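Chemist: Following this message is one structure expressed as structure tokens.
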Amino acid sequence: MGVSKKQERAEWTGFQESRPYGPKYDLRTDFVMVYGLTDQLEERIEGWRKAGYTIHLMTGVSWGEYQDYLYEKFDGRNHWDEAQKDRFGNYIQHGKDVPYMVPTVAFSEYLASYIKKAIDCGVEAIHLEEPEFWAQSGYSEAFKREWLTYYGEPWIAPHLSPDAQYRASKLKAYLYYRALDRLCAQMKEYALVTYDRVVRFYVPTHSLINYTQWRIISPEALLVSMPSCDGFIAQIWTGTARTANVYQGVRRERTFETAFLEYGVMQELTRGTGRDMWFLHDPIEDNPRYSWSDYRHNYRATVVAALLHPGVSKFEVCPWPWRVFTLGYPTEDGKGKEVIPASYKTVLLTVMNVLRDLHNHVEEEDDIYTRGIGLLLSNSAMFQRGDVIPEETEQPTAGKKADGVTTSDMLSPEQQELLDWSAFYGLALPLVKHGIPLRPVQLDNALTFPGYLDDYKVLLLSYEFMKPEHAGLHQAIAGWVRDGGVLIYVGDGSDDFHSVREWWNREGSRRIYERPDQHLFETLGLSADQESGEYAAGDGFVIVRRVHPTVLSRSSDGADMVRDSVQLALELRGEAEAYRESGMLRIKRGPYVIAQALDETEHVGNRIEGSFIDLFEHELPILTTVELKPGSNCLLYDLNSVETATGSNVTKVLVSSSRIEDEMVSAKEITFRSESPSDMTVSTRLRAASAPSLVTADGLKAEHAYDEASGTLLIRYPGKPEGVLVKAAWN
């Protein structure tokens, strides 16, 4: 076979780019995802291949420059009837003539014809990004046909009832699963038959949290069990994480907390499944209206949020680096534009190279935090996100690009409350805000992967904003409880979607339930209509709180109820001392210290002491004390870590804003090749026992400074993709 499934070349970091190769945005990662199925594809691939990259392809699976398909050029048929459409007759578009598509069989065949060309060009992996079906869609002729085929009955307008909305959304998730399953399997066979070569397929996708909040339906957890899907990219960045939510009655942006939850659910999506996962970061975002200081603040928050999840060590370090490193953005006064500051360019490349090193290190666990707390979240949360626009009202987003939040200032109070998705955040934010590293747990995986819940001591659950898609999930939850887990169920039974036609109320069943929680409680050996209280179940316990979780987002009392319930759960387990609150979330991964100080909390004392390199500053300064104010964060290299201290007398590169290759050390010198984009200044800090007598970069004297207290040497020099030969010598 030409290429094995497990590639010999590392693929720890990568980026996506639609532009031809350019040295200013050659980030020197392991792979590049050449974006888009254009006529210049082969030329673009060759440019990046010559630069030494493993080549992947990325293209949109729900939208793209597919006008030849829409306008009869592909197969002689106009396909605008397959464009997603809302109930007011508006096409839902990503741009002019770029509609979101209903993934029909014909559309899948169209995509396959182009993907074959990419395989012919020798790409090693293909990323089919953003399989997205908007909740307000479901009114096109193609979707009506798919409804008839799937349900065996005439189409029902999704906005007419919760049942119609739920069934429409469930069908939408299935249609993109079908399209991806068909495409991936068909194209894998094509590569094997034609070239005797394995091609891998990945799905870059927003998190389940963001898709639910933005009212988008996607396959998500369905793809984990799809044999031809090799993994995912978690598309989480400022644009998703800055979406406002409500905590203690206050609606505002909480980029760190939202990103922490988003990355958390994506880590849990693939945990123990054997699928790959890359976490994405974006130094800017799709919205070009912000200043560099805003982008920088939010980028730091998302990077720290991601690194607090040690189960993932692969990263897409940047989408579209061309726009980051060459375009201008508004100045602070809003009167002009400026390109990326030179110092910040150095910082970004430092972070990107740290990300490439993280797989070499594991988390050093400590007991300072409350661990093992999860919040169950199901794919079906996306199915309950229909609009609340009165029948006589005109569609407020008509003619605008659909991105989930662009028109939030035009929303009615009811629509704004829908966007807030407070039922979820009412359970999640009270814990994260007090330094409890809560993780959203993919409920759907509990049925597929035995032992999936075993890492958790306490799980929170509500069926007021989602539903269990299989009765067998309750057997998995009940088994976990009987083995010693504590389930906290929050819900008052008022959700309109309890009445949707599903397994718990299906006609002809031996038992019919009004709500799925009734079946859950009976499975646990309790009363179907269990009242608020605490109940034993085997070696575990069930805590019932008969309140809608949205209510908990509206006051400090509601937030206190969530934390009090978790504290009680640990007491019932006999682990009262395991409950700890903090004003900071912190983790250590090898020599790297990652921390976020939380705001909107009374906890204080966020100080870290030791000897560190500050990786968020361009000159990699040495710090002995880091005092984090509420809302601030840090990414540090611990000079006293076991890994570093073990070789304290050995000269070696510690951190750099470049990719370090061919490092060689002798008694009197160190040499290495430093690869980075052009038009930037590289900062590299080394461990060294004394100040060198000479430092050069490509034979020219290089700026350098020795710090005796830390025993480190800082070298700064111009960077270039082909590499700079750096040498430090001692007499």
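Ligands are numbered from 1 in the order shown, chains are lettered A, B, ... in the order of the structure tokens, and residues start at 1 in each chain.
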What lies within 10 Å of stretch 604-607 of chain A using only C-alpha atoms, ignoring chain neighbours under 2 positions off, as a tab-separated table (two decimals) with N, CA and C atoms, in the first residue's frame?

Modeler:
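Just written: result_38.tsv:
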```
chain	number	residue	atom	x	y	z
A	582	SER	N	-12.35	27.89	43.79
A	582	SER	CA	-11.14	28.67	43.55
A	582	SER	C	-11.46	29.83	42.64
A	583	GLY	N	-10.62	30.84	42.68
A	583	GLY	CA	-10.75	31.97	41.76
A	583	GLY	C	-9.93	31.79	40.51
A	584	MET	N	-9.41	30.57	40.31
A	584	MET	CA	-8.52	30.34	39.18
A	584	MET	C	-8.66	28.90	38.71
A	585	LEU	N	-8.56	28.72	37.41
A	585	LEU	CA	-8.40	27.39	36.82
A	585	LEU	C	-6.96	27.28	36.35
A	595	ALA	N	-3.01	29.08	33.18
A	595	ALA	CA	-3.93	29.50	34.24
A	595	ALA	C	-4.82	30.64	33.77
A	596	GLN	N	-6.04	30.65	34.30
A	596	GLN	CA	-7.01	31.71	34.05
A	596	GLN	C	-7.60	32.14	35.38
A	597	ALA	N	-7.51	33.42	35.68
A	597	ALA	CA	-8.17	33.98	36.86
A	597	ALA	C	-9.59	34.35	36.49
A	598	LEU	N	-10.53	33.92	37.30
A	598	LEU	CA	-11.95	34.09	36.98
A	598	LEU	C	-12.49	35.40	37.55
A	599	ASP	N	-13.37	36.03	36.80
A	599	ASP	CA	-14.04	37.21	37.32
A	599	ASP	C	-15.45	36.83	37.76
A	601	THR	N	-16.52	36.57	40.69
A	601	THR	CA	-16.41	35.67	41.83
A	601	THR	C	-15.73	36.39	42.97
A	602	GLU	N	-15.98	35.95	44.20
A	602	GLU	CA	-15.37	36.60	45.36
A	602	GLU	C	-14.03	36.01	45.73
A	609	GLU	N	4.09	31.60	42.00
A	609	GLU	CA	5.47	31.97	42.27
A	609	GLU	C	6.42	30.87	41.81
A	625	THR	N	7.21	36.07	39.96
A	625	THR	CA	5.87	36.13	40.55
A	625	THR	C	4.88	36.54	39.47
A	626	VAL	N	3.79	35.79	39.37
A	626	VAL	CA	2.72	36.12	38.43
A	626	VAL	C	1.46	36.36	39.23
A	627	GLU	N	0.98	37.58	39.21
A	627	GLU	CA	-0.24	37.96	39.92
A	627	GLU	C	-1.34	38.15	38.89
A	628	LEU	N	-2.32	37.28	38.90
A	628	LEU	CA	-3.39	37.33	37.91
A	628	LEU	C	-4.59	38.08	38.46
A	629	LYS	N	-4.95	39.16	37.79
A	629	LYS	CA	-6.16	39.89	38.14
A	629	LYS	C	-7.37	39.14	37.58
A	630	PRO	N	-8.54	39.32	38.16
A	630	PRO	CA	-9.73	38.64	37.63
A	630	PRO	C	-9.90	38.90	36.14
A	632	SER	N	-7.81	37.78	33.83
A	632	SER	CA	-6.53	37.68	33.13
A	632	SER	C	-6.03	36.24	33.14
```

Chemist: Can you pull out every residue within 12 Å of A:Lys337, counting only C-alpha atoms, but drop anything in the same chain fewer than 4 positions away, and send it as a list of chain:residue names?

Modeler: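 That gives A:Pro288, A:Arg289, A:Tyr290, A:Ser291, A:Trp292, A:Thr326, A:Leu327, A:Gly328, A:Tyr329, A:Pro330, A:Thr331, A:Glu332, A:Asp333, A:Pro341.
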
Chemist: Limited to all heavy atoms, could you put the picked residues into a file as a tab-separated table (two decimals), in the first residue's frame?

Modeler:
```tsv
chain	number	residue	atom	x	y	z
A	288	PRO	N	-14.23	41.49	10.88
A	288	PRO	CA	-13.02	42.31	10.77
A	288	PRO	C	-13.12	43.67	11.44
A	288	PRO	O	-12.26	44.54	11.23
A	288	PRO	CB	-12.88	42.48	9.25
A	288	PRO	CG	-14.30	42.55	8.78
A	288	PRO	CD	-15.09	41.60	9.68
A	289	ARG	N	-14.11	43.87	12.30
A	289	ARG	CA	-14.36	45.22	12.83
A	289	ARG	C	-13.65	45.51	14.15
A	289	ARG	O	-13.78	46.59	14.69
A	289	ARG	CB	-15.87	45.41	13.03
A	289	ARG	CG	-16.67	45.34	11.73
A	289	ARG	CD	-18.09	45.82	11.94
A	289	ARG	NE	-18.82	44.97	12.87
A	289	ARG	CZ	-19.80	44.15	12.52
A	289	ARG	NH1	-20.13	44.06	11.25
A	289	ARG	NH2	-20.42	43.43	13.41
A	290	TYR	N	-12.90	44.54	14.68
A	290	TYR	CA	-12.27	44.74	15.98
A	290	TYR	C	-10.82	45.17	15.84
A	290	TYR	O	-10.18	44.99	14.80
A	290	TYR	CB	-12.35	43.45	16.81
A	290	TYR	CG	-13.76	43.02	17.12
A	290	TYR	CD1	-14.36	41.95	16.44
A	290	TYR	CD2	-14.52	43.67	18.09
A	290	TYR	CE1	-15.65	41.55	16.72
A	290	TYR	CE2	-15.81	43.28	18.38
A	290	TYR	CZ	-16.37	42.21	17.69
A	290	TYR	OH	-17.66	41.82	17.97
A	291	SER	N	-10.27	45.71	16.93
A	291	SER	CA	-8.88	46.14	16.96
A	291	SER	C	-7.98	44.98	17.36
A	291	SER	O	-8.44	43.95	17.87
A	291	SER	CB	-8.70	47.28	17.96
A	291	SER	OG	-8.92	46.80	19.29
A	292	TRP	N	-6.66	45.16	17.18
A	292	TRP	CA	-5.71	44.11	17.56
A	292	TRP	C	-5.74	43.83	19.05
A	292	TRP	O	-5.55	42.69	19.46
A	292	TRP	CB	-4.30	44.49	17.11
A	292	TRP	CG	-4.07	44.24	15.66
A	292	TRP	CD1	-3.93	45.16	14.67
A	292	TRP	CD2	-3.98	42.96	15.03
A	292	TRP	NE1	-3.76	44.54	13.45
A	292	TRP	CE2	-3.77	43.19	13.65
A	292	TRP	CE3	-4.04	41.64	15.49
A	292	TRP	CZ2	-3.64	42.14	12.73
A	292	TRP	CZ3	-3.91	40.60	14.58
A	292	TRP	CH2	-3.71	40.85	13.22
A	326	THR	N	-1.14	39.68	6.89
A	326	THR	CA	-0.98	40.67	5.82
A	326	THR	C	-2.05	41.76	5.80
A	326	THR	O	-1.80	42.84	5.26
A	326	THR	CB	-0.97	39.99	4.43
A	326	THR	OG1	-2.28	39.47	4.14
A	326	THR	CG2	0.06	38.87	4.38
A	327	LEU	N	-3.21	41.54	6.38
A	327	LEU	CA	-4.30	42.52	6.29
A	327	LEU	C	-4.29	43.49	7.47
A	327	LEU	O	-3.73	43.21	8.52
A	327	LEU	CB	-5.65	41.80	6.23
A	327	LEU	CG	-5.90	40.89	5.04
A	327	LEU	CD1	-7.33	40.35	5.08
A	327	LEU	CD2	-5.64	41.61	3.72
A	328	GLY	N	-4.93	44.64	7.26
A	328	GLY	CA	-5.05	45.64	8.31
A	328	GLY	C	-6.40	45.57	8.99
A	328	GLY	O	-7.41	45.20	8.39
A	329	TYR	N	-6.42	45.98	10.27
A	329	TYR	CA	-7.65	45.99	11.07
A	329	TYR	C	-7.75	47.32	11.80
A	329	TYR	O	-6.75	48.04	11.95
A	329	TYR	CB	-7.67	44.80	12.01
A	329	TYR	CG	-7.72	43.49	11.25
A	329	TYR	CD1	-6.55	42.83	10.88
A	329	TYR	CD2	-8.93	42.97	10.82
A	329	TYR	CE1	-6.58	41.67	10.12
A	329	TYR	CE2	-8.98	41.81	10.05
A	329	TYR	CZ	-7.80	41.16	9.71
A	329	TYR	OH	-7.85	40.03	8.95
A	330	PRO	N	-8.95	47.68	12.29
A	330	PRO	CA	-9.14	49.03	12.84
A	330	PRO	C	-8.17	49.38	13.95
A	330	PRO	O	-7.85	48.56	14.81
A	330	PRO	CB	-10.59	48.97	13.37
A	330	PRO	CG	-11.25	47.92	12.53
A	330	PRO	CD	-10.19	46.89	12.27
A	331	THR	N	-7.70	50.63	13.93
A	331	THR	CA	-6.89	51.16	15.01
A	331	THR	C	-7.77	51.36	16.24
A	331	THR	O	-9.00	51.32	16.16
A	331	THR	CB	-6.24	52.48	14.60
A	331	THR	OG1	-7.27	53.39	14.16
A	331	THR	CG2	-5.25	52.27	13.47
A	332	GLU	N	-7.13	51.63	17.37
A	332	GLU	CA	-7.89	51.78	18.62
A	332	GLU	C	-8.88	52.93	18.54
A	332	GLU	O	-9.96	52.87	19.13
A	332	GLU	CB	-6.92	51.98	19.79
A	332	GLU	CG	-6.04	50.79	20.10
A	332	GLU	CD	-6.84	49.57	20.53
A	332	GLU	OE1	-7.90	49.72	21.16
A	332	GLU	OE2	-6.41	48.44	20.21
A	333	ASP	N	-8.53	53.99	17.82
A	333	ASP	CA	-9.45	55.13	17.72
A	333	ASP	C	-10.47	54.96	16.61
A	333	ASP	O	-11.35	55.81	16.42
A	333	ASP	CB	-8.67	56.43	17.53
A	333	ASP	CG	-7.82	56.42	16.25
A	333	ASP	OD1	-7.98	55.51	15.42
A	333	ASP	OD2	-6.99	57.34	16.09
A	341	PRO	N	0.97	44.17	14.75
A	341	PRO	CA	2.21	44.70	15.33
A	341	PRO	C	3.31	43.65	15.30
A	341	PRO	O	3.06	42.46	15.50
A	341	PRO	CB	1.80	45.04	16.77
A	341	PRO	CG	0.32	45.23	16.72
A	341	PRO	CD	-0.17	44.27	15.67
```

Chemist: Find the residues near A:Met466: any atom within 8 Å, counting only C-alpha atoms, skip ones fewer than 4 places away on the same chain, and give them as a list in words.

Modeler: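 With the cut-off at 8 Å, the set is Leu377, Ser378, Asn379, Ser380, Ala381, Met382, Phe383, Gln384 and Ser462 of chain A.
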
Chemist: Quick one, how far is atom CA of A:Asn353 from atom CA of A:Thr238?

Modeler: 20.3 Å

Chemist: Just give me the gap between atom CA of A:Ser666 and atom CA of A:Thr651 in Å, one decimal is fine.

Modeler: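 Interatomic distance, atom CA of A:Ser666 to atom CA of A:Thr651: 8.7 Å.
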
Chemist: Write out as a PDB file with N, CA, C and O atoms, in the first residue's frame the residues lying within 7 Å of stretch 100-113 of chain A, counting only C-alpha atoms and excluding same-chain residues fewer than 6 positions away.

Modeler:
```pdb
ATOM      1  N   SER A  62     -21.335  22.018   3.289  1.00  0.00           N
ATOM      2  CA  SER A  62     -22.700  22.552   3.254  1.00  0.00           C
ATOM      3  C   SER A  62     -22.802  23.838   2.445  1.00  0.00           C
ATOM      4  O   SER A  62     -23.889  24.253   2.070  1.00  0.00           O
ATOM      5  N   TRP A  63     -21.657  24.480   2.190  1.00  0.00           N
ATOM      6  CA  TRP A  63     -21.656  25.690   1.375  1.00  0.00           C
ATOM      7  C   TRP A  63     -20.296  25.817   0.696  1.00  0.00           C
ATOM      8  O   TRP A  63     -19.307  25.231   1.111  1.00  0.00           O
ATOM      9  N   GLU A  82     -32.466  22.891  -3.914  1.00  0.00           N
ATOM     10  CA  GLU A  82     -31.761  22.213  -2.831  1.00  0.00           C
ATOM     11  C   GLU A  82     -31.112  23.193  -1.855  1.00  0.00           C
ATOM     12  O   GLU A  82     -30.481  22.771  -0.883  1.00  0.00           O
ATOM     13  N   ALA A  83     -31.254  24.477  -2.110  1.00  0.00           N
ATOM     14  CA  ALA A  83     -30.724  25.477  -1.182  1.00  0.00           C
ATOM     15  C   ALA A  83     -31.630  25.552   0.043  1.00  0.00           C
ATOM     16  O   ALA A  83     -32.862  25.489  -0.073  1.00  0.00           O
ATOM     17  N   GLN A  84     -31.032  25.668   1.223  1.00  0.00           N
ATOM     18  CA  GLN A  84     -31.827  25.783   2.446  1.00  0.00           C
ATOM     19  C   GLN A  84     -32.647  27.073   2.402  1.00  0.00           C
ATOM     20  O   GLN A  84     -32.160  28.128   1.995  1.00  0.00           O
ATOM     21  N   ILE A  92     -31.099  30.797   2.754  1.00  0.00           N
ATOM     22  CA  ILE A  92     -30.123  31.015   3.825  1.00  0.00           C
ATOM     23  C   ILE A  92     -28.747  30.881   3.198  1.00  0.00           C
ATOM     24  O   ILE A  92     -28.364  29.801   2.747  1.00  0.00           O
ATOM     25  N   GLN A  93     -28.010  32.009   3.163  1.00  0.00           N
ATOM     26  CA  GLN A  93     -26.793  32.045   2.379  1.00  0.00           C
ATOM     27  C   GLN A  93     -25.574  32.444   3.211  1.00  0.00           C
ATOM     28  O   GLN A  93     -25.678  33.207   4.164  1.00  0.00           O
ATOM     29  N   HIS A  94     -24.418  31.939   2.803  1.00  0.00           N
ATOM     30  CA  HIS A  94     -23.142  32.311   3.392  1.00  0.00           C
ATOM     31  C   HIS A  94     -22.558  33.519   2.667  1.00  0.00           C
ATOM     32  O   HIS A  94     -21.641  34.165   3.158  1.00  0.00           O
ATOM     33  N   ALA A 142     -36.434  20.389  -1.873  1.00  0.00           N
ATOM     34  CA  ALA A 142     -35.583  19.213  -1.663  1.00  0.00           C
ATOM     35  C   ALA A 142     -35.795  18.636  -0.272  1.00  0.00           C
ATOM     36  O   ALA A 142     -35.839  17.408  -0.087  1.00  0.00           O
ATOM     37  N   PHE A 143     -35.925  19.516   0.725  1.00  0.00           N
ATOM     38  CA  PHE A 143     -36.129  19.019   2.084  1.00  0.00           C
ATOM     39  C   PHE A 143     -37.492  18.356   2.219  1.00  0.00           C
ATOM     40  O   PHE A 143     -37.628  17.333   2.912  1.00  0.00           O
ATOM     41  N   LEU A 175     -29.397  13.665   7.412  1.00  0.00           N
ATOM     42  CA  LEU A 175     -29.041  13.927   6.021  1.00  0.00           C
ATOM     43  C   LEU A 175     -27.556  14.250   5.870  1.00  0.00           C
ATOM     44  O   LEU A 175     -26.905  13.795   4.920  1.00  0.00           O
ATOM     45  N   TYR A 176     -26.997  15.012   6.817  1.00  0.00           N
ATOM     46  CA  TYR A 176     -25.564  15.290   6.711  1.00  0.00           C
ATOM     47  C   TYR A 176     -24.729  14.086   7.134  1.00  0.00           C
ATOM     48  O   TYR A 176     -23.619  13.890   6.623  1.00  0.00           O
ATOM     49  N   ALA A 179     -24.728  12.053   3.939  1.00  0.00           N
ATOM     50  CA  ALA A 179     -23.852  12.633   2.921  1.00  0.00           C
ATOM     51  C   ALA A 179     -22.386  12.351   3.230  1.00  0.00           C
ATOM     52  O   ALA A 179     -21.608  11.968   2.346  1.00  0.00           O
ATOM     53  N   LEU A 183     -19.859  10.043   1.103  1.00  0.00           N
ATOM     54  CA  LEU A 183     -18.686  10.667   0.492  1.00  0.00           C
ATOM     55  C   LEU A 183     -17.390  10.018   0.964  1.00  0.00           C
ATOM     56  O   LEU A 183     -16.515   9.677   0.159  1.00  0.00           O
TER      57      LEU A 183
END
```

Chemist: Give me, as a list in words, all polymer residues having an atom no more than 12 Å from A:Thr346, counting only C-alpha atoms and skipping those fewer than 5 positions away in the same chain.

Modeler: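 Listed by chain and then number, they are Leu27, Phe325, Ile340, Pro341, Val351, Met352, Asn353, Leu615, Phe616, Glu617, His618, Glu619, Leu620, Ser656, Ser657, Ser658, Ser676, Pro677, Ser678, Asp679, Met680, Thr681, Val682, Ser683, Thr684, Arg716, Tyr717, Pro718 and Gly719 of chain A.
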
Chemist: I'd like to know which of A:Asp492, A:Glu129, A:Glu11, A:Asp230 is closest to A:Phe315, using only C-alpha atoms.

Modeler: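 Smallest separation from A:Phe315 among the options: A:Glu11.
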